[in-house]
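Raw contents of input-v4.txt, compact mmCIF, C-alpha atoms:
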# COMPACT_ATOMS: atom_id res chain seq x y z
CA MET B 1 -9.13 10.75 -16.63
CA ARG B 2 -11.82 8.07 -16.55
CA LYS B 3 -10.64 5.41 -14.16
CA LYS B 4 -12.62 3.17 -11.83
CA ALA B 5 -11.87 3.53 -8.11
CA ILE B 6 -10.25 0.10 -7.78
CA ILE B 7 -6.86 -1.57 -7.95
CA ILE B 8 -7.34 -5.07 -9.31
CA SER B 9 -5.17 -8.20 -9.37
CA ILE B 10 -4.76 -11.07 -11.80
CA LYS B 11 -4.55 -14.82 -11.29
CA GLY B 12 -1.41 -16.02 -13.06
CA PRO B 13 1.83 -15.17 -14.89
CA LYS B 14 0.11 -14.04 -18.09
CA LEU B 15 -3.07 -12.17 -18.96
CA SER B 16 -6.08 -14.29 -19.80
CA SER B 17 -8.40 -13.12 -22.57
CA LYS B 18 -10.96 -12.05 -19.95
CA GLU B 19 -8.32 -10.10 -18.00
CA LYS B 20 -7.27 -8.32 -21.19
CA LEU B 21 -10.91 -7.45 -21.83
CA LEU B 22 -11.32 -6.13 -18.29
CA LEU B 23 -8.25 -3.88 -18.62
CA LEU B 24 -9.34 -2.66 -22.04
CA LYS B 25 -13.01 -2.00 -21.31
CA GLU B 26 -13.37 -1.35 -17.59
CA LYS B 27 -10.46 1.02 -16.81
CA PRO B 28 -9.30 0.08 -13.29
CA TRP B 29 -7.12 2.69 -11.55
CA GLY B 30 -4.23 0.26 -11.28
CA LEU B 31 -3.12 -3.35 -10.86
CA ILE B 32 -1.14 -5.06 -8.10
CA LEU B 33 1.22 -7.98 -8.70
CA PHE B 34 1.97 -10.96 -6.44
CA LYS B 35 4.41 -13.86 -6.40
CA ARG B 36 1.87 -15.96 -8.32
CA ASN B 37 2.29 -13.55 -11.24
CA ILE B 38 6.10 -13.70 -11.36
CA ILE B 39 8.25 -16.53 -12.77
CA SER B 40 11.25 -14.89 -14.45
CA LEU B 41 12.57 -11.49 -15.49
CA ASP B 42 11.59 -11.92 -19.16
CA GLN B 43 8.14 -13.21 -18.20
CA ILE B 44 7.31 -10.34 -15.84
CA LYS B 45 8.57 -7.75 -18.33
CA LYS B 46 6.29 -9.24 -20.98
CA LEU B 47 3.33 -9.36 -18.58
CA ILE B 48 3.76 -5.70 -17.65
CA ASN B 49 4.16 -4.73 -21.30
CA ASP B 50 0.92 -6.62 -22.10
CA ILE B 51 -0.86 -4.81 -19.25
CA LYS B 52 0.28 -1.41 -20.52
CA ASN B 53 -0.75 -2.31 -24.08
CA ALA B 54 -4.18 -3.49 -22.90
CA THR B 55 -4.75 -0.24 -21.00
CA ASN B 56 -3.11 1.89 -23.70
CA ASP B 57 -1.30 3.67 -20.87
CA ASN B 58 2.49 3.60 -20.59
CA LYS B 59 2.24 5.03 -17.06
CA PHE B 60 -0.52 2.68 -15.91
CA PRO B 61 -0.05 2.19 -12.15
CA ILE B 62 1.47 -1.24 -11.47
CA LEU B 63 1.92 -1.91 -7.77
CA ILE B 64 3.89 -4.46 -5.80
CA ASP B 65 4.62 -5.23 -2.13
CA GLU B 66 8.39 -5.33 -2.34
CA GLU B 67 9.57 -4.64 1.20
CA GLY B 68 12.42 -7.16 1.26
CA SER B 69 12.99 -10.01 3.73
CA SER B 70 9.64 -11.64 4.60
CA VAL B 71 7.61 -9.65 2.07
CA SER B 72 9.20 -10.04 -1.35
CA ARG B 73 7.15 -10.86 -4.43
CA LEU B 74 10.23 -10.72 -6.68
CA ARG B 75 12.21 -13.41 -4.87
CA ASN B 76 12.31 -15.52 -8.06
CA ILE B 77 14.19 -12.69 -9.78
CA PHE B 78 16.42 -11.14 -7.14
CA ASN B 79 16.96 -11.52 -3.43
CA HIS B 80 17.18 -8.58 -1.05
CA ASN B 81 16.89 -10.35 2.27
CA ILE B 82 17.16 -7.18 4.36
CA SER B 83 14.33 -6.01 6.61
CA ALA B 84 13.36 -2.47 7.48
CA ASN B 85 14.13 -3.36 11.09
CA TYR B 86 17.78 -4.01 10.16
CA PHE B 87 18.19 -0.37 9.15
CA GLY B 88 16.37 0.84 12.25
CA LYS B 89 18.71 -1.14 14.51
CA LEU B 90 21.74 0.04 12.56
CA TYR B 91 20.56 3.62 13.05
CA ASN B 92 20.85 3.15 16.81
CA LEU B 93 24.49 2.18 16.33
CA ASP B 94 25.48 4.75 13.70
CA ASN B 95 22.97 7.25 12.28
CA ASN B 96 25.02 8.30 9.26
CA VAL B 97 26.02 4.80 8.18
CA ALA B 98 22.42 3.55 8.48
CA ILE B 99 21.00 6.38 6.38
CA SER B 100 23.75 6.14 3.77
CA LEU B 101 23.31 2.38 3.36
CA TYR B 102 19.53 2.68 3.27
CA LYS B 103 19.67 5.26 0.50
CA GLN B 104 22.00 3.00 -1.50
CA TYR B 105 19.63 0.10 -0.93
CA LEU B 106 16.65 2.16 -2.14
CA ASN B 107 18.54 3.27 -5.26
CA SER B 108 19.27 -0.36 -6.12
CA LEU B 109 15.69 -1.46 -5.43
CA CYS B 110 14.18 1.35 -7.50
CA GLU B 111 16.50 0.61 -10.44
CA LYS B 112 15.39 -3.02 -10.40
CA LEU B 113 11.70 -2.05 -10.26
CA LYS B 114 12.14 0.35 -13.17
CA GLU B 115 13.92 -2.33 -15.21
CA ILE B 116 10.97 -4.66 -14.64
CA GLY B 117 8.37 -1.95 -15.34
CA ILE B 118 6.84 -1.59 -11.86
CA ASN B 119 6.16 2.02 -10.88
CA ILE B 120 4.54 1.85 -7.41
CA ASN B 121 6.00 0.05 -4.40
CA THR B 122 3.86 -0.23 -1.28
CA ILE B 123 6.60 0.92 1.08
CA PRO B 124 7.34 2.31 3.64
CA VAL B 125 5.73 0.39 6.49
CA LEU B 126 5.23 3.14 9.10
CA ASP B 127 3.83 0.90 11.82
CA VAL B 128 5.64 1.36 15.13
CA LEU B 129 6.73 -1.75 17.01
CA ARG B 130 5.20 -2.18 20.46
CA LYS B 131 5.69 -4.88 23.09
CA ASN B 132 2.85 -7.04 21.75
CA THR B 133 2.91 -6.15 18.04
CA ASN B 134 1.69 -9.09 15.98
CA LYS B 135 4.40 -10.96 14.08
CA ILE B 136 2.69 -10.07 10.76
CA ILE B 137 4.36 -6.65 11.19
CA GLY B 138 7.49 -7.76 13.07
CA LYS B 139 10.70 -6.90 11.24
CA ARG B 140 8.73 -5.05 8.56
CA SER B 141 8.75 -2.13 11.02
CA PHE B 142 11.82 0.08 11.23
CA SER B 143 11.72 0.51 14.98
CA GLU B 144 9.89 0.74 18.29
CA ASN B 145 10.91 4.42 18.24
CA GLN B 146 8.29 6.39 16.32
CA LYS B 147 10.76 9.16 15.45
CA ILE B 148 13.10 6.67 13.80
CA VAL B 149 10.17 5.16 11.89
CA LYS B 150 9.22 8.64 10.67
CA LYS B 151 12.77 9.49 9.64
CA PHE B 152 13.17 6.37 7.52
CA GLY B 153 9.67 6.82 6.11
CA ASP B 154 10.48 10.34 4.95
CA ILE B 155 13.76 9.15 3.39
CA THR B 156 11.93 6.33 1.58
CA ILE B 157 9.35 8.64 0.01
CA LYS B 158 11.86 11.30 -1.07
CA LYS B 159 14.36 8.81 -2.51
CA CYS B 160 11.77 6.69 -4.34
CA HIS B 161 10.03 9.73 -5.83
CA SER B 162 13.38 11.02 -7.07
CA GLN B 163 13.76 7.65 -8.84
CA ASN B 164 10.26 7.89 -10.41
CA ILE B 165 8.81 5.24 -8.11
CA ILE B 166 5.65 6.13 -6.16
CA THR B 167 5.37 4.97 -2.55
CA VAL B 168 2.43 3.93 -0.37
CA ILE B 169 2.61 4.63 3.36
CA LYS B 170 1.00 1.90 5.41
CA HIS B 171 -0.95 0.93 7.44
CA ILE B 172 -2.53 4.26 8.31
CA PRO B 173 -3.26 5.27 11.09
CA GLY B 174 -1.00 2.52 12.52
CA HIS B 175 -0.95 -1.29 12.74
CA GLY B 176 1.87 -1.72 15.25
CA CYS B 177 -0.53 -1.28 18.17
CA SER B 178 -2.45 -4.42 17.14
CA THR B 179 -1.83 -7.87 18.59
CA ALA B 180 -3.82 -9.63 15.82
CA ASP B 181 -3.23 -10.29 12.11
CA SER B 182 -5.90 -8.59 10.00
CA HIS B 183 -5.38 -11.16 7.22
CA LEU B 184 -6.97 -13.71 9.54
CA THR B 185 -9.22 -11.86 11.99
CA LEU B 186 -10.42 -8.41 13.03
CA PRO B 187 -7.90 -6.67 15.34
CA LYS B 188 -9.27 -4.40 18.05
CA VAL B 189 -7.20 -1.71 19.75
CA ASN B 190 -8.36 -0.11 23.00
CA LEU B 191 -5.61 2.50 23.40
CA SER B 192 -6.53 6.13 24.02
CA VAL B 193 -6.38 8.71 21.23
CA LYS B 194 -3.57 10.49 23.09
CA ASN B 195 -1.51 7.30 23.26
CA LEU B 196 -2.11 6.55 19.59
CA GLU B 197 -1.33 10.12 18.58
CA ASN B 198 1.97 10.21 20.46
CA VAL B 199 3.19 6.91 19.02
CA ASP B 200 1.31 5.31 16.11
CA PHE B 201 0.03 8.40 14.30
CA LEU B 202 3.31 10.31 14.42
CA PRO B 203 5.20 8.62 11.52
CA PHE B 204 2.31 9.41 9.16
CA LYS B 205 2.22 13.14 9.94
CA SER B 206 3.54 15.76 7.48
CA SER B 207 4.09 13.04 4.88
CA SER B 208 4.80 13.90 1.26
CA ALA B 209 3.49 10.50 0.15
CA LYS B 210 0.95 10.44 -2.66
CA LEU B 211 -0.77 7.26 -1.47
CA ALA B 212 -1.65 5.74 1.91
CA MET B 213 -3.08 2.28 2.69
CA THR B 214 -5.56 1.86 5.54
CA ALA B 215 -5.33 -0.53 8.48
CA HIS B 216 -8.18 -3.02 8.87
CA ILE B 217 -8.38 -2.36 12.62
CA VAL B 218 -11.08 -1.23 15.04
CA TYR B 219 -9.77 1.59 17.24
CA SER B 220 -12.37 1.28 19.98
CA LYS B 221 -11.79 4.66 21.62
CA ILE B 222 -12.37 6.45 18.29
CA ASP B 223 -14.99 4.35 16.50
CA PRO B 224 -16.05 1.18 18.36
CA LYS B 225 -18.34 0.01 15.56
CA ASN B 226 -16.30 0.32 12.38
CA VAL B 227 -12.95 -0.94 11.17
CA ALA B 228 -10.78 2.04 10.12
CA THR B 229 -11.29 1.24 6.43
CA PHE B 230 -15.07 1.60 6.93
CA SER B 231 -14.91 4.50 9.39
CA ASN B 232 -15.79 7.97 8.17
CA LYS B 233 -14.73 9.24 11.58
CA ILE B 234 -11.25 7.74 11.40
CA ILE B 235 -10.66 8.64 7.77
CA ASN B 236 -11.88 12.22 8.05
CA LYS B 237 -11.18 13.24 11.66
CA ILE B 238 -7.99 11.25 12.23
CA ILE B 239 -6.30 10.56 8.87
CA ARG B 240 -7.35 13.73 7.06
CA LYS B 241 -7.46 16.25 9.93
CA LYS B 242 -5.37 15.08 12.89
CA ILE B 243 -2.66 13.35 10.82
CA GLY B 244 -3.14 15.74 7.92
CA PHE B 245 -2.71 13.31 5.03
CA ASP B 246 -3.88 14.94 1.79
CA GLY B 247 -3.09 12.25 -0.79
CA ILE B 248 -5.05 9.29 -2.14
CA ILE B 249 -6.30 6.87 0.52
CA MET B 250 -6.57 3.27 -0.64
CA SER B 251 -8.01 0.42 1.38
CA ASP B 252 -5.95 -2.56 2.35
CA ASP B 253 -7.10 -5.72 0.57
CA ILE B 254 -10.90 -6.00 0.74
CA SER B 255 -10.70 -9.81 0.61
CA MET B 256 -8.94 -10.02 3.99
CA LYS B 257 -10.77 -11.80 6.80
CA ALA B 258 -10.81 -8.70 9.04
CA LEU B 259 -13.68 -7.45 6.86
CA LYS B 260 -16.83 -9.43 7.43
CA TYR B 261 -19.01 -8.50 4.45
CA ASP B 262 -19.02 -9.69 0.83
CA LEU B 263 -16.53 -8.10 -1.56
CA VAL B 264 -18.94 -5.62 -3.13
CA SER B 265 -20.18 -4.48 0.29
CA ASN B 266 -16.58 -4.15 1.50
CA ALA B 267 -15.75 -2.01 -1.52
CA LYS B 268 -18.80 0.21 -1.16
CA LYS B 269 -18.32 0.66 2.61
CA SER B 270 -14.66 1.63 2.06
CA LEU B 271 -15.54 4.26 -0.54
CA MET B 272 -18.48 5.62 1.45
CA ALA B 273 -16.22 6.05 4.49
CA GLY B 274 -13.76 8.17 2.51
CA CYS B 275 -11.31 5.81 0.83
CA ASN B 276 -10.55 7.01 -2.69
CA LEU B 277 -9.60 3.58 -4.03
CA VAL B 278 -10.25 -0.02 -3.02
CA LEU B 279 -7.67 -2.78 -3.31
CA TYR B 280 -8.58 -6.31 -4.37
CA CYS B 281 -5.79 -8.90 -4.19
CA ALA B 282 -7.29 -12.37 -4.74
CA GLY B 283 -7.29 -12.12 -8.55
CA ASN B 284 -10.54 -13.97 -9.22
CA ILE B 285 -11.75 -12.79 -12.64
CA LYS B 286 -15.46 -13.06 -11.79
CA ASP B 287 -14.94 -10.97 -8.66
CA ASN B 288 -12.84 -8.47 -10.60
CA PHE B 289 -15.69 -7.93 -13.04
CA LYS B 290 -18.32 -7.85 -10.29
CA LEU B 291 -16.36 -5.30 -8.28
CA ILE B 292 -15.46 -3.04 -11.17
CA LYS B 293 -19.11 -2.90 -12.24
CA ASN B 294 -20.07 -1.80 -8.73
CA VAL B 295 -17.47 0.86 -7.98
CA PRO B 296 -17.72 4.41 -9.33
CA TYR B 297 -15.27 6.32 -11.46
CA ILE B 298 -12.72 8.27 -9.44
CA ASP B 299 -13.85 11.68 -8.22
CA GLU B 300 -12.29 15.08 -8.99
CA PHE B 301 -10.00 14.96 -5.94
CA THR B 302 -8.60 11.57 -6.97
CA ILE B 303 -8.26 12.70 -10.60
CA LYS B 304 -6.14 15.65 -9.43
CA LYS B 305 -3.99 13.51 -7.14
CA THR B 306 -3.58 10.86 -9.86
CA SER B 307 -2.31 13.56 -12.22
CA GLU B 308 0.30 14.46 -9.60
CA ILE B 309 1.37 10.82 -9.47
CA TYR B 310 1.64 10.62 -13.27
CA LYS B 311 4.00 13.61 -13.24
CA ILE B 312 6.42 11.62 -11.08
CA LEU B 313 6.16 8.40 -13.08
CA ARG B 314 8.37 7.92 -16.12

Could I get this structure in the form of structure tokens?
Amino acid sequence: MRKKAIIISIKGPKLSSKEKLLLLKEKPWGLILFKRNIISLDQIKKLINDIKNATNDNKFPILIDEEGSSVSRLRNIFNHNISANYFGKLYNLDNNVAISLYKQYLNSLCEKLKEIGININTIPVLDVLRKNTNKIIGKRSFSENQKIVKKFGDITIKKCHSQNIITVIKHIPGHGCSTADSHLTLPKVNLSVKNLENVDFLPFKSSSAKLAMTAHIVYSKIDPKNVATFSNKIINKIIRKKIGFDGIIMSDDISMKALKYDLVSNAKKSLMAGCNLVLYCAGNIKDNFKLIKNVPYIDEFTIKKTSEIYKILR
């Protein structure tokens, strides 16, 4: 399975000739879609069909951030204005009703994704709300109770996998402890490892997820020099060993302002630290080509884990 260790993005609602060439010749691991790529149901179905034809891969990984409420790329097609936090609050009122409704909601969401042709949704958000959590997480989090976050995370993964949709747990090892938005600046967290382990790390533990997305955060008490995405210490000692995640680790978007280097350096630093894939979301064709020329093919571990993902996909 010769795939490059990158998830790319495209600029508009249809493939340009250069984007087709990139997909055909350069073999990215996958592609992520955004609102800029989506106009109508017929259009997005055609775009996804063109992507699969260009890659000659009917199970080619096509990702989307479709959380509902404030993070919905498919709003032009259907509206599911319900946040994860709604279900977390409902759980406090009635456990059984909350879980039943959430499972129904996931079934409906997965059916819509399958109809469109999307096979990976970057949910669940497993960040735990704290008193000063930045609004970029906000209602995207299920709860301020880490056990409730974990419960809904586990339900999300199991239900989506049963519907042939792969999930991505995020933002490992936890973004809820941050007061800053990593899209705009570099968040720094000074909490102790014990504090983080008891709260933020817990929802990610014993996860059956196949993919996890890193947090662009400096956890000063663990690695004061490197953002988690660039930190061998955090990826190997915390995410792999302490949390025990054994799936594919992908970076959050390497074009976010939390990362201070150029795109190629950001990609290389992520992979050197232990990320298996890098994510690029801006969709610039020149940068896509530059990045894909500078990242390696996926290693044996990622090949094995990708095969596991393909067994779940339709």

For this session: For Glu67 in chain B, please output as a PyMOL selection string all residues within 8 Å (counting all atoms listed in the file; exclusion window: fewer than 6 positions along the same chain).
Result: chain B and resi 83-84+122-124+140

Exercise. If you count only C-alpha atoms, which residues fall within 9 Å of Gly153 in chain B, apart from same-chain ones fewer than 2 positions away, as a ChimeraX atom specification?
Worked result: /B:123-126,142,148-151,155-158,169,203-204,207

Exercise. Which residues, written as number ranges by chain, have at least one atom at most 9 Å from Ser192 in chain B, with all atoms listed in the file counted and residues fewer than 6 positions away on the same chain left out?
Worked result: B: 219-222

For this session: May I have the protein, DNA and RNA residues with an atom at most 9 Å from (1.4, 7.5, -16.6), counting all atoms listed in the file in the file's coordinates, returned as a ChimeraX atom specification?
Result: /B:57-61,307,309-314

For this session: Taking the point (-1.9, 9.7, 20.8) as given in the file, collect each protein or nucleic acid residue that comes within 12 Å of it, counting all atoms listed in the file, and present the set as a list in words.
Result: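 Counting all atoms listed in the file, I find these residues within 12 Å of (-1.9, 9.7, 20.8): Gln146, Pro173, Gly174, Cys177, Asn190, Leu191, Ser192, Val193, Lys194, Asn195, Leu196, Glu197, Asn198, Val199, Asp200, Phe201, Leu202, Pro203, Tyr219, Lys221, Ile222, Ile238, Lys242 and Ile243 of chain B.
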
Problem set entry | CA of Leu63 in chain B to CA of Ile298 in chain B, straight-line distance in Å | 17.9 Å

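Proximity to Leu15 in chain B was assessed for B:Ile51, B:Ile44, B:Ile254, B:Leu113 counting all atoms listed in the file; the smallest distance is recorded for B:Ile51.
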
For this session: Mind giving me the straight-line distance from CA of Lys4 in chain B to CA of Ser182 in chain B in Å, one decimal?
Result: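 We find that CA of Lys4 in chain B and CA of Ser182 in chain B lie 25.7 Å from each other.
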
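Relative to CA of Phe230 in chain B, CA of Gly283 in chain B is found at 22.1 Å.
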
For this session: Extract, using all atoms listed in the file, all DNA, RNA and protein residues at most 10 Å from Gln43 in chain B, discarding same-chain residues fewer than 5 positions from it, and format them as JSON, numbers by chain.
Result: {"B": [13, 14, 37, 38, 48, 49, 116]}

Same residues, C-alpha atoms, saved as a PDB file, keeping the file's coordinate frame:
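The new file part-v1.pdb reads:
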ATOM      1  CA  PRO B  13       1.830 -15.170 -14.890  1.00  0.00           C
ATOM      2  CA  LYS B  14       0.110 -14.040 -18.090  1.00  0.00           C
ATOM      3  CA  ASN B  37       2.290 -13.550 -11.240  1.00  0.00           C
ATOM      4  CA  ILE B  38       6.100 -13.700 -11.360  1.00  0.00           C
ATOM      5  CA  ILE B  48       3.760  -5.700 -17.650  1.00  0.00           C
ATOM      6  CA  ASN B  49       4.160  -4.730 -21.300  1.00  0.00           C
ATOM      7  CA  ILE B 116      10.970  -4.660 -14.640  1.00  0.00           C
TER       8      ILE B 116
END

Residue neighbourhood Phe87 in chain B, 9 Å, only C-alpha atoms, exclusion window fewer than 3 positions, as a PDB file with C-alpha atoms, in the frame of the given file:
ATOM      1  CA  ILE B  82      17.160  -7.180   4.360  1.00  0.00           C
ATOM      2  CA  SER B  83      14.330  -6.010   6.610  1.00  0.00           C
ATOM      3  CA  ALA B  84      13.360  -2.470   7.480  1.00  0.00           C
ATOM      4  CA  LEU B  90      21.740   0.040  12.560  1.00  0.00           C
ATOM      5  CA  TYR B  91      20.560   3.620  13.050  1.00  0.00           C
ATOM      6  CA  ASN B  92      20.850   3.150  16.810  1.00  0.00           C
ATOM      7  CA  ALA B  98      22.420   3.550   8.480  1.00  0.00           C
ATOM      8  CA  ILE B  99      21.000   6.380   6.380  1.00  0.00           C
ATOM      9  CA  LEU B 101      23.310   2.380   3.360  1.00  0.00           C
ATOM     10  CA  TYR B 102      19.530   2.680   3.270  1.00  0.00           C
ATOM     11  CA  PHE B 142      11.820   0.080  11.230  1.00  0.00           C
ATOM     12  CA  SER B 143      11.720   0.510  14.980  1.00  0.00           C
ATOM     13  CA  PHE B 152      13.170   6.370   7.520  1.00  0.00           C
TER      14      PHE B 152
END

For this session: Go through B:Asn81, B:Asn284, B:Thr167, B:Thr214 and flag the residue nearest Asp252 in chain B, using only C-alpha atoms for the distances.
Result: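 The answer is B:Thr214, which sits nearest to Asp252 in chain B.
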
Exercise. Between B:Lys269, B:His183, B:Lys112, B:His161, which has the minimum distance to Ile137 in chain B (counting only C-alpha atoms)?
Worked result: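 Nearest to Ile137 in chain B: B:His183.
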
Problem set entry | Of the listed residues B:Ala228, B:Cys281, B:Ile7, B:Val71, that which approaches Ile120 in chain B most closely, counting only C-alpha atoms |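 Of all the options, B:Ile7 lies closest to Ile120 in chain B.
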
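Of the residues under consideration (B:Ile8, B:Ile248, B:Leu271, B:Ile166), B:Ile8 shows the shortest atom-to-atom contact distance to Leu23 in chain B when counting only C-alpha atoms.
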
Exercise. From the set B:Asn276, B:Thr229, B:His175, B:Lys268, which residue has the shortest atom-to-atom contact distance to Val295 in chain B, counting only C-alpha atoms?
Worked result: B:Lys268
